[in-house]
file data_4.txt (compact mmCIF, N, CA and C atoms and all ligand atoms)
# COMPACT_ATOMS: atom_id res chain seq x y z
N MET A 547 0.83 -1.21 0.00
CA MET A 547 0.00 0.00 0.00
C MET A 547 0.86 1.26 0.00
N ARG A 548 1.89 1.27 0.87
CA ARG A 548 2.76 2.42 0.95
C ARG A 548 3.50 2.60 -0.38
N GLU A 549 4.00 1.48 -0.94
CA GLU A 549 4.71 1.53 -2.23
C GLU A 549 3.80 2.10 -3.32
N THR A 550 2.52 1.67 -3.30
CA THR A 550 1.57 2.16 -4.32
C THR A 550 1.40 3.66 -4.20
N ARG A 551 1.32 4.13 -2.95
CA ARG A 551 1.14 5.58 -2.74
C ARG A 551 2.36 6.35 -3.22
N LEU A 552 3.56 5.85 -2.89
CA LEU A 552 4.79 6.53 -3.33
C LEU A 552 4.89 6.57 -4.84
N TRP A 553 4.54 5.42 -5.48
CA TRP A 553 4.60 5.35 -6.95
C TRP A 553 3.55 6.28 -7.57
N SER A 554 2.33 6.29 -6.98
CA SER A 554 1.26 7.15 -7.51
C SER A 554 1.71 8.61 -7.49
N LEU A 555 2.37 9.01 -6.41
CA LEU A 555 2.84 10.39 -6.31
C LEU A 555 3.87 10.68 -7.41
N HIS A 556 4.72 9.69 -7.68
CA HIS A 556 5.74 9.79 -8.74
C HIS A 556 5.07 10.10 -10.09
N ILE A 557 3.87 9.52 -10.30
CA ILE A 557 3.13 9.74 -11.55
C ILE A 557 2.30 11.02 -11.46
N LEU A 558 1.69 11.27 -10.29
CA LEU A 558 0.81 12.44 -10.14
C LEU A 558 1.54 13.77 -10.28
N VAL A 559 2.85 13.80 -9.97
CA VAL A 559 3.58 15.06 -10.10
C VAL A 559 3.92 15.37 -11.57
N LEU A 560 3.72 14.38 -12.46
CA LEU A 560 4.09 14.60 -13.87
C LEU A 560 3.40 15.81 -14.51
N PRO A 561 2.06 15.99 -14.31
CA PRO A 561 1.44 17.19 -14.91
C PRO A 561 2.06 18.48 -14.38
N ILE A 562 2.43 18.50 -13.09
CA ILE A 562 3.06 19.71 -12.52
C ILE A 562 4.38 19.97 -13.24
N ILE A 563 5.20 18.90 -13.38
CA ILE A 563 6.49 19.05 -14.06
C ILE A 563 6.26 19.50 -15.51
N ALA A 564 5.32 18.85 -16.19
CA ALA A 564 5.10 19.18 -17.61
C ALA A 564 4.74 20.66 -17.78
N VAL A 565 3.81 21.16 -16.95
CA VAL A 565 3.35 22.55 -17.09
C VAL A 565 4.46 23.53 -16.68
N LEU A 566 5.04 23.32 -15.48
CA LEU A 566 6.02 24.29 -14.98
C LEU A 566 7.34 24.24 -15.76
N LEU A 567 7.75 23.03 -16.16
CA LEU A 567 8.98 22.94 -16.95
C LEU A 567 8.73 23.54 -18.33
N GLY A 568 7.50 23.36 -18.83
CA GLY A 568 7.12 23.98 -20.11
C GLY A 568 7.24 25.49 -20.02
N ALA A 569 6.73 26.06 -18.90
CA ALA A 569 6.80 27.51 -18.70
C ALA A 569 8.26 27.94 -18.57
N HIS A 570 9.06 27.14 -17.86
CA HIS A 570 10.48 27.45 -17.66
C HIS A 570 11.20 27.46 -19.02
N PHE A 571 10.86 26.52 -19.87
CA PHE A 571 11.46 26.47 -21.20
C PHE A 571 11.01 27.66 -22.03
N ALA A 572 9.74 28.07 -21.84
CA ALA A 572 9.24 29.24 -22.58
C ALA A 572 10.09 30.46 -22.23
N VAL A 573 10.41 30.62 -20.94
CA VAL A 573 11.21 31.76 -20.50
C VAL A 573 12.66 31.63 -20.99
N MET A 574 13.26 30.45 -20.81
CA MET A 574 14.69 30.29 -21.07
C MET A 574 15.06 30.09 -22.53
N HIS A 575 14.18 29.46 -23.29
CA HIS A 575 14.54 29.12 -24.67
C HIS A 575 13.67 29.79 -25.73
N TYR A 576 12.45 30.22 -25.35
CA TYR A 576 11.55 30.81 -26.35
C TYR A 576 11.12 32.22 -25.98
N ALA A 577 12.00 32.94 -25.27
CA ALA A 577 11.69 34.32 -24.87
C ALA A 577 11.31 35.20 -26.07
N PRO A 578 11.96 35.05 -27.24
CA PRO A 578 11.59 35.89 -28.37
C PRO A 578 10.14 35.65 -28.80
N VAL A 579 9.67 34.42 -28.68
CA VAL A 579 8.31 34.07 -29.10
C VAL A 579 7.29 34.55 -28.08
N PHE A 580 7.54 34.29 -26.78
CA PHE A 580 6.53 34.57 -25.75
C PHE A 580 6.68 35.93 -25.07
N TYR A 581 7.89 36.47 -25.02
CA TYR A 581 8.09 37.72 -24.28
C TYR A 581 8.69 38.84 -25.13
N GLY A 582 8.88 38.59 -26.43
CA GLY A 582 9.46 39.60 -27.30
C GLY A 582 10.83 40.06 -26.80
N MET A 583 11.60 39.11 -26.26
CA MET A 583 12.90 39.42 -25.65
C MET A 583 13.92 38.41 -26.17
N SER A 584 15.16 38.85 -26.42
CA SER A 584 16.14 37.90 -26.92
C SER A 584 16.48 36.88 -25.83
N VAL A 585 16.97 35.72 -26.25
CA VAL A 585 17.34 34.67 -25.29
C VAL A 585 18.46 35.19 -24.38
N GLU A 586 19.41 35.94 -24.95
CA GLU A 586 20.52 36.49 -24.16
C GLU A 586 19.98 37.41 -23.06
N LYS A 587 19.04 38.27 -23.44
CA LYS A 587 18.46 39.21 -22.47
C LYS A 587 17.69 38.43 -21.38
N ALA A 588 16.96 37.40 -21.80
CA ALA A 588 16.15 36.61 -20.85
C ALA A 588 17.02 35.94 -19.80
N ARG A 589 18.27 35.63 -20.17
CA ARG A 589 19.16 34.92 -19.24
C ARG A 589 20.15 35.84 -18.54
N GLU A 590 20.05 37.14 -18.81
CA GLU A 590 20.96 38.10 -18.18
C GLU A 590 20.74 38.13 -16.66
N PHE A 591 21.81 38.42 -15.92
CA PHE A 591 21.70 38.44 -14.45
C PHE A 591 20.62 39.43 -13.99
N SER A 592 20.65 40.66 -14.55
CA SER A 592 19.70 41.68 -14.10
C SER A 592 18.25 41.26 -14.40
N THR A 593 18.04 40.60 -15.55
CA THR A 593 16.68 40.14 -15.90
C THR A 593 16.24 39.05 -14.92
N MET A 594 17.19 38.17 -14.59
CA MET A 594 16.89 37.08 -13.66
C MET A 594 16.49 37.64 -12.30
N ILE A 595 17.24 38.67 -11.84
CA ILE A 595 16.94 39.28 -10.55
C ILE A 595 15.57 39.96 -10.59
N GLU A 596 15.29 40.61 -11.72
CA GLU A 596 13.99 41.27 -11.92
C GLU A 596 12.86 40.25 -11.78
N ARG A 597 12.97 39.12 -12.50
CA ARG A 597 11.97 38.05 -12.44
C ARG A 597 11.86 37.48 -11.03
N GLY A 598 13.04 37.36 -10.39
CA GLY A 598 13.12 36.71 -9.08
C GLY A 598 12.33 37.40 -7.99
N LYS A 599 11.96 38.68 -8.20
CA LYS A 599 11.24 39.42 -7.16
C LYS A 599 9.78 39.00 -7.05
N SER A 600 9.32 38.21 -8.03
CA SER A 600 7.91 37.82 -8.03
C SER A 600 7.67 36.67 -7.04
N ILE A 601 6.67 36.87 -6.17
CA ILE A 601 6.33 35.82 -5.19
C ILE A 601 5.73 34.61 -5.90
N THR A 602 5.01 34.87 -7.01
CA THR A 602 4.42 33.76 -7.78
C THR A 602 5.54 32.88 -8.32
N GLN A 603 6.59 33.54 -8.85
CA GLN A 603 7.71 32.77 -9.38
C GLN A 603 8.39 31.97 -8.26
N LEU A 604 8.55 32.59 -7.08
CA LEU A 604 9.18 31.90 -5.95
C LEU A 604 8.41 30.61 -5.64
N VAL A 605 7.09 30.74 -5.52
CA VAL A 605 6.25 29.58 -5.17
C VAL A 605 6.30 28.52 -6.28
N LEU A 606 6.17 28.96 -7.54
CA LEU A 606 6.14 28.00 -8.64
C LEU A 606 7.48 27.28 -8.83
N TYR A 607 8.59 28.00 -8.62
CA TYR A 607 9.89 27.35 -8.77
C TYR A 607 10.11 26.32 -7.66
N ILE A 608 9.68 26.65 -6.44
CA ILE A 608 9.86 25.69 -5.34
C ILE A 608 8.98 24.46 -5.60
N LEU A 609 7.80 24.70 -6.18
CA LEU A 609 6.91 23.59 -6.53
C LEU A 609 7.56 22.70 -7.61
N LEU A 610 8.14 23.34 -8.63
CA LEU A 610 8.81 22.56 -9.69
C LEU A 610 10.00 21.79 -9.11
N LEU A 611 10.73 22.46 -8.22
CA LEU A 611 11.88 21.83 -7.58
C LEU A 611 11.43 20.58 -6.81
N ALA A 612 10.38 20.73 -6.00
CA ALA A 612 9.90 19.60 -5.19
C ALA A 612 9.37 18.48 -6.10
N ALA A 613 8.56 18.84 -7.09
CA ALA A 613 7.95 17.84 -7.97
C ALA A 613 9.03 17.11 -8.78
N GLY A 614 9.94 17.87 -9.38
CA GLY A 614 11.01 17.27 -10.19
C GLY A 614 11.93 16.40 -9.36
N LEU A 615 12.27 16.89 -8.17
CA LEU A 615 13.16 16.13 -7.29
C LEU A 615 12.50 14.84 -6.83
N TYR A 616 11.23 14.94 -6.41
CA TYR A 616 10.55 13.73 -5.94
C TYR A 616 10.51 12.70 -7.07
N HIS A 617 10.06 13.15 -8.27
CA HIS A 617 9.95 12.24 -9.41
C HIS A 617 11.31 11.60 -9.73
N GLY A 618 12.35 12.41 -9.79
CA GLY A 618 13.68 11.92 -10.13
C GLY A 618 14.25 10.99 -9.06
N MET A 619 14.12 11.40 -7.80
CA MET A 619 14.67 10.61 -6.69
C MET A 619 13.95 9.27 -6.56
N TYR A 620 12.61 9.30 -6.72
CA TYR A 620 11.86 8.04 -6.66
C TYR A 620 12.28 7.12 -7.80
N GLY A 621 12.49 7.72 -8.99
CA GLY A 621 12.92 6.93 -10.15
C GLY A 621 14.28 6.28 -9.93
N VAL A 622 15.21 7.06 -9.39
CA VAL A 622 16.56 6.54 -9.13
C VAL A 622 16.49 5.43 -8.06
N ARG A 623 15.68 5.66 -7.03
CA ARG A 623 15.51 4.65 -5.98
C ARG A 623 15.03 3.33 -6.59
N GLY A 624 14.06 3.45 -7.51
CA GLY A 624 13.53 2.25 -8.17
C GLY A 624 14.63 1.50 -8.91
N ILE A 625 15.49 2.25 -9.59
CA ILE A 625 16.58 1.62 -10.35
C ILE A 625 17.54 0.91 -9.39
N ILE A 626 17.97 1.62 -8.32
CA ILE A 626 18.92 1.02 -7.37
C ILE A 626 18.30 -0.20 -6.68
N ARG A 627 17.00 -0.11 -6.40
CA ARG A 627 16.34 -1.20 -5.67
C ARG A 627 16.14 -2.47 -6.49
N GLU A 628 16.44 -2.38 -7.78
CA GLU A 628 16.36 -3.61 -8.59
C GLU A 628 17.58 -4.49 -8.33
N LEU A 629 18.59 -3.93 -7.70
CA LEU A 629 19.76 -4.74 -7.34
C LEU A 629 19.37 -5.70 -6.21
N PRO A 630 20.05 -6.84 -6.11
CA PRO A 630 19.70 -7.79 -5.04
C PRO A 630 20.24 -7.30 -3.68
N LEU A 631 19.52 -6.37 -3.05
CA LEU A 631 19.98 -5.77 -1.79
C LEU A 631 19.41 -6.52 -0.58
N THR A 632 20.16 -6.54 0.51
CA THR A 632 19.62 -7.07 1.76
C THR A 632 18.65 -6.01 2.29
N PRO A 633 17.69 -6.39 3.16
CA PRO A 633 16.74 -5.40 3.69
C PRO A 633 17.46 -4.21 4.33
N THR A 634 18.58 -4.47 5.01
CA THR A 634 19.32 -3.37 5.65
C THR A 634 19.86 -2.40 4.61
N LEU A 635 20.43 -2.97 3.53
CA LEU A 635 20.98 -2.11 2.47
C LEU A 635 19.87 -1.33 1.78
N ALA A 636 18.73 -1.99 1.57
CA ALA A 636 17.59 -1.32 0.93
C ALA A 636 17.15 -0.13 1.77
N LYS A 637 17.13 -0.35 3.08
CA LYS A 637 16.74 0.73 4.01
C LYS A 637 17.76 1.87 3.92
N LEU A 638 19.03 1.49 3.83
CA LEU A 638 20.10 2.49 3.75
C LEU A 638 19.97 3.32 2.48
N VAL A 639 19.60 2.65 1.37
CA VAL A 639 19.39 3.36 0.10
C VAL A 639 18.27 4.38 0.28
N ASP A 640 17.17 3.95 0.92
CA ASP A 640 16.04 4.87 1.15
C ASP A 640 16.47 6.10 1.94
N VAL A 641 17.19 5.84 3.02
CA VAL A 641 17.62 6.95 3.88
C VAL A 641 18.55 7.89 3.10
N GLY A 642 19.48 7.29 2.34
CA GLY A 642 20.42 8.07 1.54
C GLY A 642 19.70 8.93 0.50
N ILE A 643 18.73 8.33 -0.18
CA ILE A 643 17.97 9.05 -1.22
C ILE A 643 17.20 10.21 -0.60
N ILE A 644 16.57 9.94 0.55
CA ILE A 644 15.79 11.00 1.22
C ILE A 644 16.73 12.14 1.65
N ALA A 645 17.86 11.76 2.24
CA ALA A 645 18.82 12.78 2.71
C ALA A 645 19.34 13.61 1.54
N PHE A 646 19.69 12.93 0.43
CA PHE A 646 20.20 13.64 -0.75
C PHE A 646 19.12 14.57 -1.32
N GLY A 647 17.90 14.05 -1.43
CA GLY A 647 16.79 14.85 -1.96
C GLY A 647 16.55 16.09 -1.12
N LEU A 648 16.56 15.92 0.21
CA LEU A 648 16.32 17.07 1.11
C LEU A 648 17.45 18.08 0.98
N PHE A 649 18.68 17.58 0.80
CA PHE A 649 19.83 18.47 0.66
C PHE A 649 19.69 19.33 -0.60
N ILE A 650 19.36 18.69 -1.72
CA ILE A 650 19.20 19.43 -2.98
C ILE A 650 18.01 20.38 -2.88
N PHE A 651 16.94 19.93 -2.20
CA PHE A 651 15.78 20.80 -2.04
C PHE A 651 16.17 22.06 -1.25
N ALA A 652 16.96 21.86 -0.21
CA ALA A 652 17.40 23.01 0.60
C ALA A 652 18.24 23.96 -0.25
N LEU A 653 19.17 23.40 -1.05
CA LEU A 653 20.01 24.24 -1.92
C LEU A 653 19.16 25.02 -2.92
N GLY A 654 18.25 24.30 -3.59
CA GLY A 654 17.40 24.92 -4.61
C GLY A 654 16.51 26.00 -4.03
N THR A 655 15.95 25.72 -2.84
CA THR A 655 15.08 26.70 -2.19
C THR A 655 15.90 27.93 -1.82
N TYR A 656 17.11 27.69 -1.34
CA TYR A 656 17.98 28.81 -0.96
C TYR A 656 18.26 29.71 -2.17
N VAL A 657 18.57 29.08 -3.32
CA VAL A 657 18.89 29.86 -4.54
C VAL A 657 17.69 30.74 -4.92
N THR A 658 16.51 30.12 -4.94
CA THR A 658 15.30 30.86 -5.33
C THR A 658 15.01 31.97 -4.33
N TRP A 659 15.18 31.66 -3.04
CA TRP A 659 14.98 32.67 -2.00
C TRP A 659 15.99 33.81 -2.16
N TRP A 660 17.22 33.43 -2.53
CA TRP A 660 18.29 34.41 -2.71
C TRP A 660 17.91 35.42 -3.79
N THR A 661 17.40 34.94 -4.94
CA THR A 661 17.02 35.87 -6.01
C THR A 661 15.80 36.70 -5.56
N TYR A 662 14.90 36.07 -4.79
CA TYR A 662 13.69 36.78 -4.33
C TYR A 662 14.05 37.94 -3.41
N SER A 663 15.03 37.72 -2.52
CA SER A 663 15.35 38.74 -1.51
C SER A 663 16.57 39.59 -1.89
N TYR A 664 17.08 39.40 -3.12
CA TYR A 664 18.27 40.14 -3.57
C TYR A 664 17.98 41.65 -3.64
N LYS A 665 18.86 42.45 -3.03
CA LYS A 665 18.68 43.91 -3.07
C LYS A 665 19.62 44.49 -4.12
N ILE A 666 19.06 45.12 -5.14
CA ILE A 666 19.89 45.73 -6.18
C ILE A 666 20.72 46.86 -5.58
N GLY A 667 22.01 46.80 -5.85
CA GLY A 667 22.92 47.82 -5.34
C GLY A 667 23.34 47.54 -3.90
N GLY A 668 23.17 46.27 -3.45
CA GLY A 668 23.56 45.86 -2.11
C GLY A 668 22.43 46.14 -1.17
C1 LIG B 1 7.30 16.09 -18.24
C2 LIG B 1 8.44 15.49 -17.89
C3 LIG B 1 8.51 14.02 -17.52
C4 LIG B 1 7.70 12.97 -17.87
C5 LIG B 1 6.45 12.97 -18.75
C6 LIG B 1 8.24 11.78 -17.22
C7 LIG B 1 7.67 10.51 -17.29
C8 LIG B 1 8.15 9.39 -16.67
C9 LIG B 1 7.52 8.09 -16.67
C10 LIG B 1 6.20 7.75 -17.35
C11 LIG B 1 8.32 7.24 -15.95
C12 LIG B 1 8.09 5.74 -15.68
C13 LIG B 1 7.24 5.61 -14.44
C14 LIG B 1 7.01 4.15 -14.04
O1 LIG B 1 6.59 3.37 -14.88
O2 LIG B 1 7.26 3.82 -12.86
C15 LIG B 1 9.47 7.99 -15.50
C16 LIG B 1 10.51 7.47 -14.78
C17 LIG B 1 11.60 8.20 -14.38
N1 LIG B 1 11.79 9.57 -14.51
FE1 LIG B 1 10.57 10.84 -15.47
N2 LIG B 1 9.35 12.12 -16.51
C18 LIG B 1 9.57 13.47 -16.67
C19 LIG B 1 10.58 14.22 -16.13
C20 LIG B 1 11.64 13.72 -15.41
C21 LIG B 1 12.71 14.52 -14.85
C22 LIG B 1 12.82 16.07 -14.95
C23 LIG B 1 13.56 13.66 -14.24
C24 LIG B 1 14.86 13.97 -13.50
C25 LIG B 1 14.85 14.81 -12.48
C26 LIG B 1 13.03 12.32 -14.41
C27 LIG B 1 13.59 11.16 -13.93
C28 LIG B 1 13.03 9.89 -13.99
C29 LIG B 1 13.67 8.67 -13.50
C30 LIG B 1 15.05 8.57 -12.84
C31 LIG B 1 12.77 7.61 -13.74
C32 LIG B 1 12.97 6.12 -13.44
C33 LIG B 1 13.46 5.43 -14.70
C34 LIG B 1 13.48 3.90 -14.57
O3 LIG B 1 12.83 3.34 -13.68
O4 LIG B 1 14.15 3.27 -15.42
N3 LIG B 1 11.87 12.39 -15.13
N4 LIG B 1 9.34 9.30 -15.93
C1 LIG B 2 19.15 24.75 -20.61
C2 LIG B 2 18.09 24.66 -19.81
C3 LIG B 2 17.85 25.54 -18.64
C4 LIG B 2 18.21 26.84 -18.43
C5 LIG B 2 18.95 27.81 -19.36
C6 LIG B 2 17.74 27.19 -17.09
C7 LIG B 2 17.94 28.43 -16.49
C8 LIG B 2 17.49 28.79 -15.23
C9 LIG B 2 17.65 30.09 -14.61
C10 LIG B 2 18.35 31.29 -15.26
C11 LIG B 2 17.06 30.03 -13.40
C12 LIG B 2 16.96 31.18 -12.37
C13 LIG B 2 15.53 31.65 -12.26
C14 LIG B 2 15.07 32.49 -13.45
O1 LIG B 2 15.85 33.31 -13.96
O2 LIG B 2 13.90 32.37 -13.88
C15 LIG B 2 16.55 28.68 -13.22
C16 LIG B 2 15.91 28.22 -12.10
C17 LIG B 2 15.38 26.96 -11.94
N1 LIG B 2 15.38 25.94 -12.88
FE1 LIG B 2 16.23 26.02 -14.69
N2 LIG B 2 17.11 26.11 -16.54
C18 LIG B 2 17.15 25.07 -17.44
C19 LIG B 2 16.64 23.79 -17.28
C20 LIG B 2 15.94 23.34 -16.16
C21 LIG B 2 15.40 22.00 -16.01
C22 LIG B 2 15.50 20.89 -17.04
C23 LIG B 2 14.79 21.96 -14.77
C24 LIG B 2 14.04 20.86 -14.05
C25 LIG B 2 13.92 19.62 -14.47
C26 LIG B 2 14.98 23.28 -14.17
C27 LIG B 2 14.52 23.64 -12.92
C28 LIG B 2 14.73 24.85 -12.33
C29 LIG B 2 14.30 25.19 -10.96
C30 LIG B 2 13.54 24.24 -10.00
C31 LIG B 2 14.71 26.51 -10.73
C32 LIG B 2 14.50 27.34 -9.44
C33 LIG B 2 15.82 27.55 -8.74
C34 LIG B 2 16.25 26.36 -7.95
O3 LIG B 2 15.40 25.71 -7.33
O4 LIG B 2 17.47 26.06 -7.92
N3 LIG B 2 15.68 24.07 -15.04
N4 LIG B 2 16.82 27.94 -14.35

call {"tool": "encode", "arguments": {"input": "data_4.txt", "output": "structure tokens"}}
result
Amino acid sequence: MRETRLWSLHILVLPIIAVLLGAHFAVMHYAPVFYGMSVEKAREFSTMIERGKSITQLVLYILLLAAGLYHGMYGVRGIIRELPLTPTLAKLVDVGIIAFGLFIFALGTYVTWWTYSYKIGG
């Protein structure tokens, strides 16, 4: 039952990833089409800081980070767990994956928070 729930979540986050990653690609790769802005300008530091001030962007990026990380980490766990592991090793893999995921989540959240709270000119 627990495995089914974890796997379902791995699938349920897919629409979130598809929509938010699609939007992220629109900003990063198709800025001329959607924002009338060159790709170089869209990726400039000052433009990034400008975008970063939006609370909506802060929330949506953290959501994409969580959804993408969960999906990816669960997928990697599935791959590693196909190895003939002892129950202790399997448990260790779970703990390691959770710890690694939380670490990357903390880093990613910090980066997004950093752009959100960045003060231009110090
Ligand atoms: C819209 C984007 C994505 C779609 C539609 C998608 C779809 C899928 C599907 C259908 C599966 C197989 C699920 C299963 O049968 O258990 C899967 C597995 C997986 N996905 Fe994604 N995924 C996407 C993005 C990502 C991203 C961004 C990552 C990396 C962070 C990722 C990493 C993985 C991994 C590691 C697996 C496990 C592969 C395996 O078991 O061999 N995916 N994905
Ligand atoms: C070449 C492709 C990519 C480029 C050029 C790019 C560029 C950027 C930039 C400049 C930011 C800072 C925020 C902003 O300016 O809007 C950012 C943030 C972010 N990107 Fe990407 N990105 C790419 C691919 C991806 C992919 C494939 C994913 C997820 C599967 C992703 C997930 C994120 C997340 C979650 C953030 C928020 C900051 C964080 O949590 O670390 N990006 N990206």

call {"tool": "atom_distance", "arguments": {"input": "data_4.txt", "atom1": "atom C of Lys665 (chain A)", "atom2": "atom N of Met574 (chain A)"}}
result
22.7 Å

call {"tool": "residues_near_ligand", "arguments": {"input": "data_4.txt", "ligand": "ligand LIG 1 (chain B)", "cutoff": "8 Å", "atoms": "only N, CA and C atoms and all ligand atoms", "output": "VMD selection string"}}
result
chain A and resid 553 556 to 557 559 to 565 567 to 568 613 to 626

call {"tool": "closest_atom_pairs", "arguments": {"input": "data_4.txt", "of": "chain A", "to": "ligand LIG 2 (chain B)", "cutoff": "6 Å", "atoms": "only C-alpha atoms and all ligand atoms", "output": "JSON lines"}}
result
{"residue": "A:Met574", "atom": "CA", "partner": "B:LIG2", "partner_atom": "C5", "distance": 5.2}
{"residue": "A:Arg589", "atom": "CA", "partner": "B:LIG2", "partner_atom": "C10", "distance": 5.4}
{"residue": "A:Met594", "atom": "CA", "partner": "B:LIG2", "partner_atom": "O1", "distance": 3.9}
{"residue": "A:Tyr607", "atom": "CA", "partner": "B:LIG2", "partner_atom": "C32", "distance": 4.7}
{"residue": "A:Ile608", "atom": "CA", "partner": "B:LIG2", "partner_atom": "O3", "distance": 5.9}
{"residue": "A:Leu610", "atom": "CA", "partner": "B:LIG2", "partner_atom": "C30", "distance": 5.0}
{"residue": "A:Leu611", "atom": "CA", "partner": "B:LIG2", "partner_atom": "C30", "distance": 3.8}
{"residue": "A:Gly614", "atom": "CA", "partner": "B:LIG2", "partner_atom": "C25", "distance": 5.7}
{"residue": "A:Gly654", "atom": "CA", "partner": "B:LIG2", "partner_atom": "O3", "distance": 3.5}
{"residue": "A:Thr655", "atom": "CA", "partner": "B:LIG2", "partner_atom": "O3", "distance": 5.2}
{"residue": "A:Val657", "atom": "CA", "partner": "B:LIG2", "partner_atom": "O4", "distance": 5.3}
{"residue": "A:Thr658", "atom": "CA", "partner": "B:LIG2", "partner_atom": "C33", "distance": 4.8}

call {"tool": "closest_residue", "arguments": {"input": "data_4.txt", "among": "A:Tyr662, A:Glu549, A:His570, A:Met583", "to": "Ile601 (chain A)", "atoms": "only N, CA and C atoms"}}
result
A:Tyr662

call {"tool": "closest_residue", "arguments": {"input": "data_4.txt", "among": "A:Pro578, A:Gly647, A:Gly642, A:Gly598", "to": "Trp659 (chain A)", "atoms": "only C-alpha atoms"}}
result
A:Gly598

call {"tool": "atom_distance", "arguments": {"input": "data_4.txt", "atom1": "atom N of Ala577 (chain A)", "atom2": "CA of Glu590 (chain A)"}}
result
12.5 Å

call {"tool": "atom_distance", "arguments": {"input": "data_4.txt", "atom1": "CA of Thr602 (chain A)", "atom2": "CA of Trp660 (chain A)"}}
result
14.8 Å

call {"tool": "closest_residue", "arguments": {"input": "data_4.txt", "among": "A:Thr661, A:Leu566, A:Ala636, A:Tyr581", "to": "Arg597 (chain A)", "atoms": "all atoms listed in the file"}}
result
A:Thr661

call {"tool": "decode", "arguments": {"input": "data_4.txt", "residues": "region 557-615 of chain A", "atoms": "C-alpha atoms", "output": "tab-separated table (two decimals), in the first residue's frame"}}
result
chain	number	residue	atom	x	y	z
A	557	ILE	CA	3.13	9.74	-11.55
A	558	LEU	CA	0.81	12.44	-10.14
A	559	VAL	CA	3.58	15.06	-10.10
A	560	LEU	CA	4.09	14.60	-13.87
A	561	PRO	CA	1.44	17.19	-14.91
A	562	ILE	CA	3.06	19.71	-12.52
A	563	ILE	CA	6.49	19.05	-14.06
A	564	ALA	CA	5.10	19.18	-17.61
A	565	VAL	CA	3.35	22.55	-17.09
A	566	LEU	CA	6.02	24.29	-14.98
A	567	LEU	CA	8.98	22.94	-16.95
A	568	GLY	CA	7.12	23.98	-20.11
A	569	ALA	CA	6.80	27.51	-18.70
A	570	HIS	CA	10.48	27.45	-17.66
A	571	PHE	CA	11.46	26.47	-21.20
A	572	ALA	CA	9.24	29.24	-22.58
A	573	VAL	CA	11.21	31.76	-20.50
A	574	MET	CA	14.69	30.29	-21.07
A	575	HIS	CA	14.54	29.12	-24.67
A	576	TYR	CA	11.55	30.81	-26.35
A	577	ALA	CA	11.69	34.32	-24.87
A	578	PRO	CA	11.59	35.89	-28.37
A	579	VAL	CA	8.31	34.07	-29.10
A	580	PHE	CA	6.53	34.57	-25.75
A	581	TYR	CA	8.09	37.72	-24.28
A	582	GLY	CA	9.46	39.60	-27.30
A	583	MET	CA	12.90	39.42	-25.65
A	584	SER	CA	16.14	37.90	-26.92
A	585	VAL	CA	17.34	34.67	-25.29
A	586	GLU	CA	20.52	36.49	-24.16
A	587	LYS	CA	18.46	39.21	-22.47
A	588	ALA	CA	16.15	36.61	-20.85
A	589	ARG	CA	19.16	34.92	-19.24
A	590	GLU	CA	20.96	38.10	-18.18
A	591	PHE	CA	21.70	38.44	-14.45
A	592	SER	CA	19.70	41.68	-14.10
A	593	THR	CA	16.68	40.14	-15.90
A	594	MET	CA	16.89	37.08	-13.66
A	595	ILE	CA	16.94	39.28	-10.55
A	596	GLU	CA	13.99	41.27	-11.92
A	597	ARG	CA	11.97	38.05	-12.44
A	598	GLY	CA	13.12	36.71	-9.08
A	599	LYS	CA	11.24	39.42	-7.16
A	600	SER	CA	7.91	37.82	-8.03
A	601	ILE	CA	6.33	35.82	-5.19
A	602	THR	CA	4.42	33.76	-7.78
A	603	GLN	CA	7.71	32.77	-9.38
A	604	LEU	CA	9.18	31.90	-5.95
A	605	VAL	CA	6.25	29.58	-5.17
A	606	LEU	CA	6.14	28.00	-8.64
A	607	TYR	CA	9.89	27.35	-8.77
A	608	ILE	CA	9.86	25.69	-5.34
A	609	LEU	CA	6.91	23.59	-6.53
A	610	LEU	CA	8.81	22.56	-9.69
A	611	LEU	CA	11.88	21.83	-7.58
A	612	ALA	CA	9.90	19.60	-5.19
A	613	ALA	CA	7.95	17.84	-7.97
A	614	GLY	CA	11.01	17.27	-10.19
A	615	LEU	CA	13.16	16.13	-7.29
